[in-house]
$ cat work_29.cif   # mmCIF, C-alpha atoms
data_structure
loop_
_atom_site.label_atom_id
_atom_site.label_comp_id
_atom_site.auth_asym_id
_atom_site.auth_seq_id
_atom_site.Cartn_x
_atom_site.Cartn_y
_atom_site.Cartn_z
CA MET A 273 7.31 -67.93 104.58
CA THR A 274 10.92 -67.36 103.61
CA THR A 275 11.98 -69.14 100.43
CA PRO A 276 15.18 -71.15 100.95
CA ARG A 277 18.07 -69.92 98.88
CA GLY A 278 18.15 -71.65 95.51
CA ALA A 279 14.69 -73.20 95.94
CA ARG A 280 12.72 -70.74 93.82
CA GLY A 281 13.77 -68.47 90.97
CA ALA A 282 17.37 -69.60 91.10
CA VAL A 283 19.20 -70.25 87.85
CA PRO A 284 20.27 -73.91 87.81
CA ARG A 285 24.01 -74.36 87.66
CA HIS A 286 25.32 -76.14 84.58
CA ASP A 287 27.18 -79.33 85.41
CA ASP A 288 29.62 -80.03 82.58
CA ARG A 289 30.29 -83.52 83.92
CA ARG A 290 26.71 -84.73 83.93
CA ARG A 291 24.54 -85.05 80.82
CA SER A 292 21.10 -86.62 80.40
CA PHE A 293 19.73 -87.67 77.03
CA PRO A 294 16.10 -88.36 76.17
CA GLN A 295 15.11 -91.67 74.71
CA VAL A 296 16.61 -91.97 71.21
CA ALA A 297 15.34 -94.00 68.30
CA PRO A 298 17.62 -96.80 67.08
CA ARG A 299 19.22 -96.56 63.67
CA GLU A 300 20.86 -99.54 62.05
CA ALA A 301 23.88 -98.79 59.87
CA PRO A 302 23.81 -99.79 56.16
CA ASP A 303 26.18 -102.69 56.84
CA GLY A 304 23.78 -104.18 59.40
CA ARG A 305 25.74 -103.08 62.47
CA PHE A 306 23.95 -101.28 65.27
CA ALA A 307 26.22 -98.20 65.41
CA ALA A 308 27.16 -96.00 62.46
CA THR A 309 30.67 -94.83 63.48
CA TRP A 310 33.84 -96.78 64.08
CA TRP A 311 34.03 -95.62 67.68
CA GLY A 312 30.35 -96.46 68.32
CA ASN A 313 30.90 -100.00 67.07
CA ALA A 314 34.13 -100.28 69.07
CA TRP A 315 32.11 -99.43 72.20
CA VAL A 316 29.62 -102.22 71.45
CA GLU A 317 32.37 -104.71 70.60
CA ALA A 318 34.08 -104.10 73.95
CA LEU A 319 31.02 -105.57 75.69
CA GLU A 320 30.20 -108.19 73.07
CA ASP A 321 33.72 -109.64 73.16
CA THR A 322 33.34 -110.52 76.86
CA ALA A 323 29.68 -111.61 76.76
CA LEU A 324 29.05 -115.15 78.00
CA ASP A 325 25.71 -115.65 76.24
CA PRO A 326 25.13 -114.46 72.63
CA ALA A 327 21.39 -115.02 73.08
CA ARG A 328 21.23 -112.38 75.78
CA LEU A 329 23.02 -109.96 73.47
CA ALA A 330 20.47 -110.63 70.74
CA ARG A 331 17.58 -109.98 73.16
CA GLY A 332 19.30 -106.84 74.39
CA LYS A 333 19.66 -105.55 70.83
CA ALA A 334 15.96 -106.26 70.27
CA TYR A 335 15.08 -104.39 73.47
CA ALA A 336 17.07 -101.38 72.26
CA GLY A 337 15.40 -101.59 68.85
CA ARG A 338 11.93 -101.59 70.41
CA GLY A 339 12.64 -98.53 72.57
CA HIS A 340 12.83 -100.27 75.97
CA VAL A 341 15.69 -98.00 77.15
CA ASP A 342 14.52 -94.81 78.86
CA ALA A 343 16.53 -91.57 79.18
CA ILE A 344 20.28 -92.14 79.63
CA THR A 345 22.45 -90.24 82.12
CA VAL A 346 26.21 -90.08 81.55
CA THR A 347 28.75 -89.09 84.20
CA PRO A 348 32.48 -89.84 84.37
CA GLY A 349 32.90 -93.60 84.44
CA ARG A 350 29.18 -94.40 84.47
CA VAL A 351 26.22 -94.76 82.07
CA VAL A 352 22.82 -95.22 83.76
CA ALA A 353 19.26 -95.74 82.50
CA TYR A 354 16.02 -97.53 83.37
CA VAL A 355 15.30 -100.42 81.00
CA HIS A 356 11.86 -101.98 80.62
CA GLY A 357 11.66 -105.76 80.74
CA SER A 358 8.89 -108.28 81.22
CA ARG A 359 7.79 -106.82 84.58
CA PRO A 360 5.78 -103.59 85.00
CA ARG A 361 8.57 -101.79 86.88
CA PRO A 362 11.71 -101.00 84.83
CA TYR A 363 15.15 -102.10 86.03
CA ARG A 364 17.92 -99.70 86.98
CA THR A 365 20.79 -100.59 84.70
CA GLU A 366 24.30 -99.15 84.49
CA ILE A 367 27.61 -99.70 82.77
CA ARG A 368 30.77 -98.67 84.58
CA MET A 369 34.15 -97.99 83.03
CA ARG A 370 37.53 -96.67 84.06
CA THR A 371 38.19 -92.93 83.56
CA LEU A 372 41.40 -91.63 82.00
CA GLY A 373 44.06 -90.32 84.33
CA ASP A 374 45.81 -86.98 84.04
CA ASP A 375 48.63 -88.49 81.94
CA GLY A 376 46.12 -89.88 79.44
CA TRP A 377 44.36 -86.54 79.07
CA GLU A 378 47.70 -84.77 78.65
CA ARG A 379 48.52 -87.09 75.73
CA PHE A 380 45.08 -86.51 74.23
CA LEU A 381 45.34 -82.70 74.47
CA ASP A 382 48.91 -82.63 73.13
CA GLU A 383 47.99 -84.80 70.14
CA ALA A 384 44.77 -82.89 69.42
CA THR A 385 46.46 -79.45 69.37
CA ALA A 386 49.48 -80.68 67.40
CA ARG A 387 47.47 -80.92 64.16
CA PRO A 388 44.73 -78.59 62.87
CA ASP A 389 42.95 -81.51 61.18
CA HIS A 390 42.41 -83.18 64.54
CA ILE A 391 40.70 -80.08 65.92
CA ALA A 392 38.61 -79.71 62.76
CA ALA A 393 37.58 -83.37 63.00
CA LEU A 394 36.49 -83.04 66.63
CA LEU A 395 34.41 -79.96 65.80
CA ASP A 396 32.79 -81.96 62.98
CA LYS A 397 31.89 -84.67 65.53
CA ASP A 398 34.54 -87.07 64.26
CA VAL A 399 37.23 -88.92 66.24
CA PRO A 400 40.56 -89.36 64.41
CA HIS A 401 42.09 -92.80 64.83
CA ALA A 402 45.35 -91.13 65.87
CA LEU A 403 43.77 -89.72 69.04
CA GLU A 404 42.52 -93.15 70.04
CA ALA A 405 45.92 -94.68 69.31
CA VAL A 406 47.83 -92.41 71.71
CA THR A 407 45.28 -92.27 74.54
CA GLY A 408 43.21 -95.48 74.54
CA LEU A 409 39.93 -93.57 74.70
CA LEU A 410 37.80 -96.54 73.71
CA PRO A 411 37.27 -99.39 76.13
CA ALA A 412 39.03 -102.69 75.60
CA PRO A 413 37.31 -106.02 76.18
CA GLY A 414 36.68 -106.33 79.91
CA ASP A 415 36.76 -102.56 80.58
CA LEU A 416 32.95 -102.24 80.61
CA VAL A 417 31.33 -103.58 83.81
CA PRO A 418 27.54 -104.07 83.54
CA ASP A 419 25.20 -104.03 86.54
CA CYS A 420 21.41 -104.32 86.72
CA SER A 421 18.70 -104.60 89.40
CA CYS A 422 17.06 -107.51 87.55
CA PRO A 423 17.37 -111.08 88.93
CA ASP A 424 19.25 -112.30 85.83
CA ASP A 425 22.89 -113.02 86.65
CA GLY A 426 23.99 -113.18 83.01
CA TYR A 427 27.08 -111.27 81.93
CA PRO A 428 25.69 -109.06 80.64
CA CYS A 429 21.97 -109.40 81.15
CA LYS A 430 19.72 -108.36 78.27
CA HIS A 431 18.94 -105.02 79.98
CA ALA A 432 22.62 -104.06 80.27
CA ALA A 433 23.16 -105.16 76.67
CA ALA A 434 20.24 -102.96 75.57
CA LEU A 435 21.76 -99.99 77.41
CA CYS A 436 25.14 -100.63 75.78
CA TYR A 437 23.63 -100.73 72.30
CA GLN A 438 21.60 -97.58 72.87
CA ALA A 439 24.59 -95.74 74.37
CA ALA A 440 26.42 -96.43 71.09
CA ARG A 441 23.80 -94.24 69.39
CA LEU A 442 24.78 -91.34 71.68
CA LEU A 443 28.44 -91.83 70.78
CA ASP A 444 27.52 -91.79 67.09
CA GLU A 445 25.83 -88.40 67.47
CA ASP A 446 28.42 -86.74 69.70
CA PRO A 447 31.90 -88.12 70.50
CA PHE A 448 32.13 -85.71 73.44
CA VAL A 449 29.84 -88.18 75.22
CA LEU A 450 32.72 -90.66 75.02
CA PHE A 451 35.07 -88.06 76.50
CA LEU A 452 32.59 -87.49 79.35
CA MET A 453 32.46 -91.23 80.00
CA ARG A 454 36.25 -91.12 80.27
CA GLY A 455 36.16 -88.22 82.75
CA ARG A 456 36.15 -84.80 81.02
CA GLY A 457 33.20 -82.54 80.08
CA GLU A 458 32.82 -80.86 76.68
CA GLN A 459 33.25 -77.25 77.85
CA GLU A 460 36.22 -78.23 79.99
CA LEU A 461 37.93 -79.88 77.03
CA LEU A 462 37.13 -77.07 74.58
CA ALA A 463 38.47 -74.45 77.00
CA GLU A 464 41.75 -76.35 77.43
CA LEU A 465 42.08 -77.01 73.69
CA THR A 466 41.51 -73.29 73.02
CA ARG A 467 44.15 -72.28 75.56
CA ARG A 468 46.76 -74.70 74.22
CA ASN A 469 46.01 -73.92 70.58
CA ALA A 470 46.26 -70.17 71.21
CA ALA A 471 49.56 -70.55 73.07
CA LEU A 472 51.02 -72.76 70.34
CA SER A 473 49.92 -70.47 67.51
CA ALA A 474 51.09 -67.34 69.33
CA ALA A 475 54.52 -68.90 69.84
CA GLU A 476 54.73 -69.88 66.16
CA THR A 477 53.60 -66.41 65.05
CA THR A 478 56.12 -64.68 67.33
CA ALA A 479 58.96 -66.88 66.07
CA ALA A 480 58.07 -66.35 62.41
CA ALA A 481 57.13 -62.65 62.47
CA PRO A 482 59.59 -60.52 60.47
CA PRO A 483 60.78 -57.21 61.90
CA MET A 484 58.38 -54.36 61.24
CA PRO A 485 59.73 -52.20 58.38
CA THR A 486 59.92 -48.40 58.71
CA VAL A 487 59.54 -45.61 56.18
CA PRO A 488 62.29 -42.92 56.36
CA ALA A 489 61.02 -39.34 56.18
CA ARG A 490 64.45 -37.69 56.03
CA ALA A 491 64.04 -36.53 52.43
CA VAL A 492 60.79 -34.73 53.32
CA PHE A 493 62.36 -32.89 56.22
CA GLU A 494 65.47 -31.91 54.20
CA ALA A 495 63.25 -30.44 51.48
CA ALA A 496 61.30 -28.47 54.09
CA GLU A 497 64.51 -27.08 55.59
CA ARG A 498 65.75 -25.96 52.16
CA ALA A 499 62.45 -24.12 51.69
CA GLY A 500 62.83 -22.39 55.04
CA LEU A 501 59.93 -24.20 56.62
CA THR A 502 60.01 -25.26 60.22
CA LEU A 503 58.07 -28.43 60.75
CA PRO A 504 57.13 -29.90 64.11
CA PRO A 505 58.85 -33.14 64.93
CA PRO A 506 56.88 -36.12 63.59
CA LEU A 507 55.08 -38.33 66.02
CA PRO A 508 56.75 -41.72 66.26
CA ALA A 509 54.81 -44.64 64.87
CA PRO A 510 53.69 -47.10 67.57
CA ASP A 511 55.54 -50.37 67.83
CA ARG A 512 52.38 -52.35 67.09
CA PRO A 513 48.73 -51.79 66.22
CA GLY A 514 46.44 -50.78 69.05
CA ARG A 515 43.88 -53.11 70.56
CA PRO A 516 40.16 -52.41 69.95
CA ALA A 517 37.75 -51.60 72.72
CA VAL A 518 35.90 -54.38 74.53
CA PHE A 519 32.37 -54.67 73.20
CA PRO A 520 29.85 -55.97 75.77
CA PRO A 521 27.30 -58.50 74.48
CA ASP A 522 23.96 -57.01 73.46
CA PRO A 523 21.17 -59.01 71.79
CA ASP A 524 20.26 -56.01 69.63
CA ALA A 525 23.84 -55.22 68.58
CA PRO A 526 26.10 -56.90 65.99
CA ASP A 527 28.18 -59.88 67.02
CA PRO A 528 30.90 -58.64 69.47
CA LEU A 529 33.44 -61.03 67.95
CA ALA A 530 32.77 -59.66 64.46
CA LEU A 531 33.18 -56.09 65.73
CA ASP A 532 36.42 -57.02 67.44
CA LEU A 533 37.65 -58.68 64.26
CA LEU A 534 36.82 -55.68 62.05
CA ALA A 535 38.38 -53.20 64.48
CA SER A 536 41.53 -55.30 64.86
CA GLU A 537 41.92 -55.68 61.10
CA ALA A 538 41.42 -51.94 60.54
CA ALA A 539 44.11 -51.18 63.12
CA VAL A 540 46.58 -53.64 61.57
CA ARG A 541 46.06 -52.32 58.05
CA ALA A 542 46.32 -48.69 59.18
CA HIS A 543 49.53 -49.40 61.09
CA ALA A 544 51.07 -51.21 58.09
CA PHE A 545 50.14 -48.37 55.76
CA LEU A 546 51.52 -45.78 58.20
CA THR A 547 54.87 -47.51 58.63
CA THR A 548 55.39 -48.93 55.13
CA GLY A 549 53.14 -46.99 52.77
CA HIS A 550 51.79 -50.34 51.59
CA ASP A 551 48.44 -52.04 52.24
CA PRO A 552 49.21 -55.75 52.70
CA VAL A 553 45.61 -56.81 52.06
CA ALA A 554 44.74 -54.90 48.90
CA ALA A 555 46.13 -57.50 46.48
CA LEU A 556 44.56 -60.55 48.16
CA THR A 557 41.62 -62.47 46.75
CA PRO A 558 38.52 -62.92 48.96
CA TRP A 559 39.58 -66.51 49.74
CA GLN A 560 43.14 -65.49 50.62
CA ASP A 561 41.80 -62.73 52.85
CA ALA A 562 39.41 -65.13 54.61
CA VAL A 563 42.29 -67.54 55.25
CA ARG A 564 44.45 -64.68 56.53
CA LEU A 565 41.68 -63.55 58.89
CA ALA A 566 41.21 -67.04 60.30
CA ALA A 567 44.96 -67.57 60.66
CA ALA A 568 45.27 -64.34 62.65
CA HIS A 569 42.96 -65.70 65.36
CA PRO A 570 44.50 -68.84 66.90
CA GLY A 571 41.36 -69.82 68.81
CA SER A 572 39.07 -69.85 65.77
CA GLY A 573 36.80 -72.88 65.68
CA LEU A 574 37.15 -73.88 69.35
CA THR A 575 34.79 -71.72 71.40
CA ALA A 576 31.17 -71.21 70.43
CA SER A 577 31.59 -67.66 69.08
CA THR A 578 34.87 -68.24 67.25
CA ARG A 579 33.54 -71.54 65.91
CA ALA A 580 30.71 -69.59 64.28
CA LEU A 581 33.21 -67.14 62.77
CA TYR A 582 35.27 -70.03 61.38
CA ARG A 583 32.17 -71.66 59.90
CA ASP A 584 30.80 -68.42 58.44
CA LEU A 585 34.07 -67.50 56.73
CA ALA A 586 34.11 -70.88 55.00
CA TYR A 587 30.41 -70.77 54.10
CA ALA A 588 30.66 -67.29 52.57
CA LEU A 589 33.16 -68.63 50.02
CA ASP A 590 31.46 -71.98 49.40
CA ARG A 591 34.09 -73.93 51.31
CA THR A 592 33.93 -76.27 54.30
CA PRO A 593 35.40 -75.59 57.75
CA THR A 594 37.89 -78.39 57.07
CA ASP A 595 38.96 -76.65 53.83
CA LEU A 596 39.52 -73.49 55.83
CA ALA A 597 41.44 -75.30 58.59
CA ARG A 598 43.79 -76.83 56.01
CA ALA A 599 44.27 -73.47 54.29
CA VAL A 600 44.96 -71.78 57.63
CA ALA A 601 47.67 -74.34 58.36
CA ALA A 602 49.24 -73.56 54.97
CA TRP A 603 49.04 -69.79 55.59
CA ARG A 604 50.72 -70.15 58.98
CA GLN A 605 53.38 -72.27 57.30
CA GLY A 606 54.26 -69.79 54.55
CA GLY A 607 51.70 -66.98 54.10
CA ALA A 608 50.28 -66.45 50.61
CA ALA A 609 53.13 -68.50 49.12
CA GLY A 610 52.29 -71.39 51.45
CA LEU A 611 48.62 -71.23 50.44
CA ALA A 612 49.62 -71.32 46.76
CA VAL A 613 51.72 -74.44 47.43
CA LEU A 614 48.67 -76.09 48.99
CA GLU A 615 46.32 -75.29 46.13
CA GLU A 616 48.39 -75.01 42.94
CA PRO A 617 50.44 -78.00 41.69
CA TRP A 618 52.90 -76.98 38.94
CA ASP A 619 55.72 -78.38 36.83
CA PRO A 620 59.08 -77.08 38.08
CA PRO A 621 61.99 -76.76 35.67
CA ALA A 622 64.95 -79.11 35.85
CA GLY A 623 67.38 -78.27 38.63
CA PRO A 624 66.54 -78.17 42.35
CA PHE A 625 63.62 -80.56 41.99
CA ASP A 626 65.72 -83.17 40.18
CA ARG A 627 68.47 -82.92 42.77
CA ALA A 628 66.10 -83.37 45.72
CA ARG A 629 65.55 -87.13 45.50
CA PRO A 630 69.29 -88.05 45.44
CA ALA A 631 69.86 -85.66 48.36
CA LEU A 632 67.08 -87.32 50.40
CA ILE A 633 68.39 -90.81 49.64
CA ALA A 634 71.90 -89.73 50.65
CA ALA A 635 70.47 -88.52 53.97
CA ASP A 636 68.93 -91.99 54.61
CA PHE A 637 65.35 -90.89 54.03
CA PRO A 638 62.90 -93.25 52.28
CA ALA A 639 62.41 -93.19 48.52
CA PHE A 640 59.95 -90.52 47.38
CA ARG A 641 57.65 -90.75 44.36
CA PRO A 642 57.67 -87.62 42.13
CA TRP A 643 54.56 -86.00 40.70
CA ARG A 644 54.76 -82.47 39.31
CA ASN A 645 56.21 -80.34 42.15
CA ARG A 646 55.64 -83.01 44.82
CA LEU A 647 57.67 -85.85 46.30
CA SER A 648 55.62 -88.36 48.32
CA THR A 649 55.75 -91.49 50.47
CA GLU A 650 52.70 -93.14 52.08
CA SER A 651 52.55 -90.52 54.85
CA LEU A 652 55.14 -87.79 54.06
CA GLN A 653 55.30 -85.26 51.25
CA LEU A 654 57.53 -82.38 50.15
CA ARG A 655 56.24 -79.70 47.80
CA LEU A 656 58.47 -77.26 45.95
CA GLY A 657 57.02 -73.76 45.91
CA ARG A 658 57.52 -71.19 43.20
CA ASP A 659 59.54 -69.25 45.78
CA GLY A 660 62.18 -72.01 45.76
CA LEU A 661 61.28 -73.29 49.23
CA TRP A 662 60.36 -76.86 50.13
CA TYR A 663 57.16 -77.26 52.18
CA GLY A 664 56.48 -80.33 54.34
CA TYR A 665 53.13 -82.17 54.38
CA GLU A 666 51.84 -85.16 56.31
CA SER A 667 48.92 -87.58 55.93
CA ASP A 668 47.69 -90.73 57.64
CA ALA A 669 49.10 -93.73 55.79
CA GLY A 670 46.92 -94.87 52.93
CA ARG A 671 44.92 -91.63 52.74
CA GLU A 672 45.36 -88.74 50.35
CA ASP A 673 44.64 -86.20 53.10
CA TRP A 674 47.71 -83.97 53.14
CA TRP A 675 48.17 -81.27 55.82
CA PRO A 676 50.96 -78.68 55.95
CA ARG A 677 53.46 -79.32 58.73
CA GLY A 678 56.82 -77.88 59.73
CA ALA A 679 58.74 -74.88 58.43
CA PRO A 680 59.68 -74.35 54.75
CA ASP A 681 63.33 -74.62 53.81
CA HIS A 682 65.51 -74.09 50.72
CA ASP A 683 66.98 -77.55 51.41
CA PRO A 684 64.56 -80.53 51.04
CA VAL A 685 66.52 -82.44 53.68
CA GLY A 686 66.11 -79.53 56.11
CA ALA A 687 62.37 -79.29 55.42
CA LEU A 688 61.88 -83.02 55.98
CA THR A 689 64.03 -82.99 59.12
CA ASP A 690 61.87 -80.20 60.56
CA LEU A 691 58.71 -82.09 59.59
CA LEU A 692 59.88 -85.18 61.43
CA GLY A 693 61.12 -83.19 64.41
CA ARG A 694 64.64 -84.58 64.23
#

$ encode --input "work_29.cif" --output "structure tokens"
Amino acid sequence: MTTPRGARGAVPRHDDRRRSFPQVAPREAPDGRFAATWWGNAWVEALEDTALDPARLARGKAYAGRGHVDAITVTPGRVVAYVHGSRPRPYRTEIRMRTLGDDGWERFLDEATARPDHIAALLDKDVPHALEAVTGLLPAPGDLVPDCSCPDDGYPCKHAAALCYQAARLLDEDPFVLFLMRGRGEQELLAELTRRNAALSAAETTAAAPPMPTVPARAVFEAAERAGLTLPPPLPAPDRPGRPAVFPPDPDAPDPLALDLLASEAAVRAHAFLTTGHDPVAALTPWQDAVRLAAAHPGSGLTASTRALYRDLAYALDRTPTDLARAVAAWRQGGAAGLAVLEEPWDPPAGPFDRARPALIAADFPAFRPWRNRLSTESLQLRLGRDGLWYGYESDAGREDWWPRGAPDHDPVGALTDLLGR
């Protein structure tokens, strides 16, 4: 008998827009709420706020707590599971919701790639409030439509309520489940975030890269001519370092990404030494070098392999991936000087620092509070570096979570204008 194609021995195709989750145990948050994250509780509240019978919600929560919800399948716009009730046969229960359109996803991707802390938060399974604010990822009251095969016509019935509560547990564990509910799979999103982040970082690097210096050899040749020596013409230095070979994956070989990284770094250092006579890495500390390495690879932390590199660099120096992401943003802002501004507050002498606040007020900017080399509002900050440049920082209002943004400038008004994109 001929085996139909795909019926035996075929490798199943991964469907990024369909995920099934085994039955999960409930976990009540310390404050007594069913979900542990703000977005998980927002999901539950969207259904609770439109419920017509609080008693059915209470029974649904009890059903979820006793493990009556079987495996859950999530596809765009739909969450489905079988829920056990009082009868022997479980009921097919689902919750439907609207998916985001292309415009909504464009706003999400633009906002996520605009700030390194947003990418770091997503990789740490966290959803920044700013992403929700610009895209409306979470459902509003009335957006969730329950449906169940049981005879109860309540809105929702206790089976749909149980599914809603248990689905909140999935959102707690992995916010990419929420993105799938809204229409995009995890790998699809990570690939697009990687592409946009790489393009943005490459454009910033190209705009900020100084011209490559050269080392004149005229004195050497003139000395050789005076001695009567005839030297062959020197080979011209290449315009840029060469690219390493492509290393195919091999389970018994070192990590291909690590090999590519080492080969690329060796080529860059050799080229710099050839053209300048100076090794730009020799004077760096291990932490500075790790930050430099991560900053040189715009996609770090987005794909599986580069995410591991990002994590390992931080772990090797007893830092967190978020620490490294913040340091990378500072390095891209101003190199080693920018990293020093991030990590080393200092007391500047009287002069430019004292003149900054009157200049900002004259330019109609809000009043800034001084502390050491920093001027701050609730969400904006300027830091004076030892190099005389002003560096812009931004934080969510009410949080001391400052991230480097914009280009440094000798003028505080110019640095703040660039930060605000005026």

$ atom_distance --input "work_29.cif" --atom1 "CA of Cys429 in chain A" --atom2 "CA of Ser358 in chain A"
13.1 Å

$ residues_around --input "work_29.cif" --residues "His401 in chain A" --least-positions-apart "4" --cutoff "12 Å" --atoms "only C-alpha atoms" --output "list in words"
Thr309, Trp310, Trp311, Ala314, Phe380, Glu383, Ala384, Asp389, His390, Ala393, Leu394, Ala405, Val406, Thr407, Gly408, Leu409, Leu410, Asp668 and Ala669 of chain A

$ residues_around --input "work_29.cif" --residues "Asp619 in chain A" --least-positions-apart "4" --cutoff "10 Å" --atoms "all atoms listed in the file" --output "PDB file with C-alpha atoms, keeping the file's coordinate frame"
ATOM      1  CA  PHE A 625      63.620 -80.560  41.990  1.00  0.00           C
ATOM      2  CA  TRP A 643      54.560 -86.000  40.700  1.00  0.00           C
ATOM      3  CA  ARG A 644      54.760 -82.470  39.310  1.00  0.00           C
ATOM      4  CA  ASN A 645      56.210 -80.340  42.150  1.00  0.00           C
ATOM      5  CA  ARG A 646      55.640 -83.010  44.820  1.00  0.00           C
ATOM      6  CA  LEU A 656      58.470 -77.260  45.950  1.00  0.00           C
ATOM      7  CA  ARG A 658      57.520 -71.190  43.200  1.00  0.00           C
TER       8      ARG A 658
END

$ atom_distance --input "work_29.cif" --atom1 "CA of Ala439 in chain A" --atom2 "CA of Leu452 in chain A"
12.5 Å

$ resolve_selection --input "work_29.cif" --expression "the PyMOL selection byres ((chain A and resi 611) around 12)" --output "PyMOL selection string"
chain A and resi 556-557+559-564+567+595-610+612-617+655+657-658+663+675-676

$ residues_around --input "work_29.cif" --residues "Arg468 in chain A" --least-positions-apart "6" --cutoff "9 Å" --atoms "all atoms listed in the file" --output "list in words"
Leu381, Asp382 and Thr385 of chain A

$ residues_around --input "work_29.cif" --residues "Tyr427 in chain A" --least-positions-apart "6" --cutoff "10 Å" --atoms "all atoms listed in the file" --output "PDB file with C-alpha atoms, in the coordinates of the input"
ATOM      1  CA  LEU A 319      31.020-105.570  75.690  1.00  0.00           C
ATOM      2  CA  GLU A 320      30.200-108.190  73.070  1.00  0.00           C
ATOM      3  CA  THR A 322      33.340-110.520  76.860  1.00  0.00           C
ATOM      4  CA  ALA A 323      29.680-111.610  76.760  1.00  0.00           C
ATOM      5  CA  LEU A 324      29.050-115.150  78.000  1.00  0.00           C
ATOM      6  CA  ASP A 325      25.710-115.650  76.240  1.00  0.00           C
ATOM      7  CA  ARG A 328      21.230-112.380  75.780  1.00  0.00           C
ATOM      8  CA  LEU A 329      23.020-109.960  73.470  1.00  0.00           C
ATOM      9  CA  VAL A 417      31.330-103.580  83.810  1.00  0.00           C
ATOM     10  CA  PRO A 418      27.540-104.070  83.540  1.00  0.00           C
ATOM     11  CA  ASP A 419      25.200-104.030  86.540  1.00  0.00           C
ATOM     12  CA  ALA A 433      23.160-105.160  76.670  1.00  0.00           C
TER      13      ALA A 433
END

$ closest_residue --input "work_29.cif" --among "A:Gln459, A:Asn313, A:Ser292, A:Thr649" --to "Thr347 in chain A" --atoms "all atoms listed in the file"
A:Ser292

$ atom_distance --input "work_29.cif" --atom1 "CA of Pro558 in chain A" --atom2 "CA of Thr594 in chain A"
17.5 Å

$ resolve_selection --input "work_29.cif" --expression "the PyMOL selection byres ((chain A and resi 652) around 10)" --output "list in words"
Pro638, Phe640, Leu647, Ser648, Thr649, Glu650, Ser651, Gln653, Leu654, Gly664, Tyr665, Glu666, Ser667, Asp668, Ala669, Trp674, Trp675, Arg677, Leu688, Leu691 and Leu692 of chain A

$ closest_atom_pairs --input "work_29.cif" --of "range 541-566 of chain A" --to "range 502-508 of chain A" --cutoff "12 Å" --atoms "all atoms listed in the file" --output "Markdown table"
| residue | atom | partner | partner_atom | distance |
| --- | --- | --- | --- | --- |
| A:His543 | CA | A:Pro508 | CA | 11.7 |
| A:Leu546 | CA | A:Pro508 | CA | 10.4 |
| A:Thr547 | CA | A:Pro508 | CA | 9.8 |

$ closest_residue --input "work_29.cif" --among "A:His340, A:Thr466, A:Gly349, A:Asp626" --to "Ile391 in chain A" --atoms "all atoms listed in the file"
A:Thr466

$ resolve_selection --input "work_29.cif" --expression "the PyMOL selection byres ((chain A and resi 415) around 8)" --output "list in words"
Ala318, Met369, Arg370, Pro411, Ala412, Pro413, Gly414, Leu416 and Val417 of chain A

$ residues_near_point --input "work_29.cif" --point "(19.7, -107.4, 80.2)" --cutoff "12 Å" --atoms "all atoms listed in the file" --output "PyMOL selection string"
chain A and resi 323+325-336+340-341+353-358+362-367+418-437

$ residues_around --input "work_29.cif" --residues "Ala635 in chain A" --least-positions-apart "3" --cutoff "8 Å" --atoms "all atoms listed in the file" --output "list of chain:residue names"
A:Ala631, A:Leu632, A:Val685

$ closest_residue --input "work_29.cif" --among "A:Ala402, A:Ala554, A:Met453, A:Leu395" --to "Arg290 in chain A" --atoms "all atoms listed in the file"
A:Met453

$ build_atoms --input "work_29.cif" --residues "range 417-426 of chain A" --atoms "N, CA and C atoms" --output "mmCIF file, in the coordinates of the input"
data_model
loop_
_atom_site.group_PDB
_atom_site.id
_atom_site.type_symbol
_atom_site.label_atom_id
_atom_site.label_comp_id
_atom_site.auth_asym_id
_atom_site.auth_seq_id
_atom_site.Cartn_x
_atom_site.Cartn_y
_atom_site.Cartn_z
ATOM 1 N N VAL A 417 31.869 -102.727 82.739
ATOM 2 C CA VAL A 417 31.330 -103.580 83.810
ATOM 3 C C VAL A 417 29.836 -103.328 83.912
ATOM 4 N N PRO A 418 28.976 -104.275 83.478
ATOM 5 C CA PRO A 418 27.540 -104.070 83.540
ATOM 6 C C PRO A 418 26.984 -104.406 84.920
ATOM 7 N N ASP A 419 25.880 -103.752 85.282
ATOM 8 C CA ASP A 419 25.200 -104.030 86.540
ATOM 9 C C ASP A 419 23.732 -103.708 86.348
ATOM 10 N N CYS A 420 22.847 -104.511 86.925
ATOM 11 C CA CYS A 420 21.410 -104.320 86.720
ATOM 12 C C CYS A 420 20.669 -104.809 87.953
ATOM 13 N N SER A 421 19.511 -104.208 88.236
ATOM 14 C CA SER A 421 18.700 -104.600 89.400
ATOM 15 C C SER A 421 17.813 -105.805 89.103
ATOM 16 N N CYS A 422 17.882 -106.358 87.889
ATOM 17 C CA CYS A 422 17.060 -107.510 87.550
ATOM 18 C C CYS A 422 17.645 -108.765 88.202
ATOM 19 N N PRO A 423 16.854 -109.853 88.302
ATOM 20 C CA PRO A 423 17.370 -111.080 88.930
ATOM 21 C C PRO A 423 18.285 -111.905 88.018
ATOM 22 N N ASP A 424 18.413 -111.542 86.757
ATOM 23 C CA ASP A 424 19.250 -112.300 85.830
ATOM 24 C C ASP A 424 20.723 -112.064 86.153
ATOM 25 N N ASP A 425 21.468 -113.153 86.330
ATOM 26 C CA ASP A 425 22.890 -113.020 86.650
ATOM 27 C C ASP A 425 23.771 -113.211 85.422
ATOM 28 N N GLY A 426 23.191 -113.068 84.221
ATOM 29 C CA GLY A 426 23.990 -113.180 83.010
ATOM 30 C C GLY A 426 24.994 -112.043 82.886
#
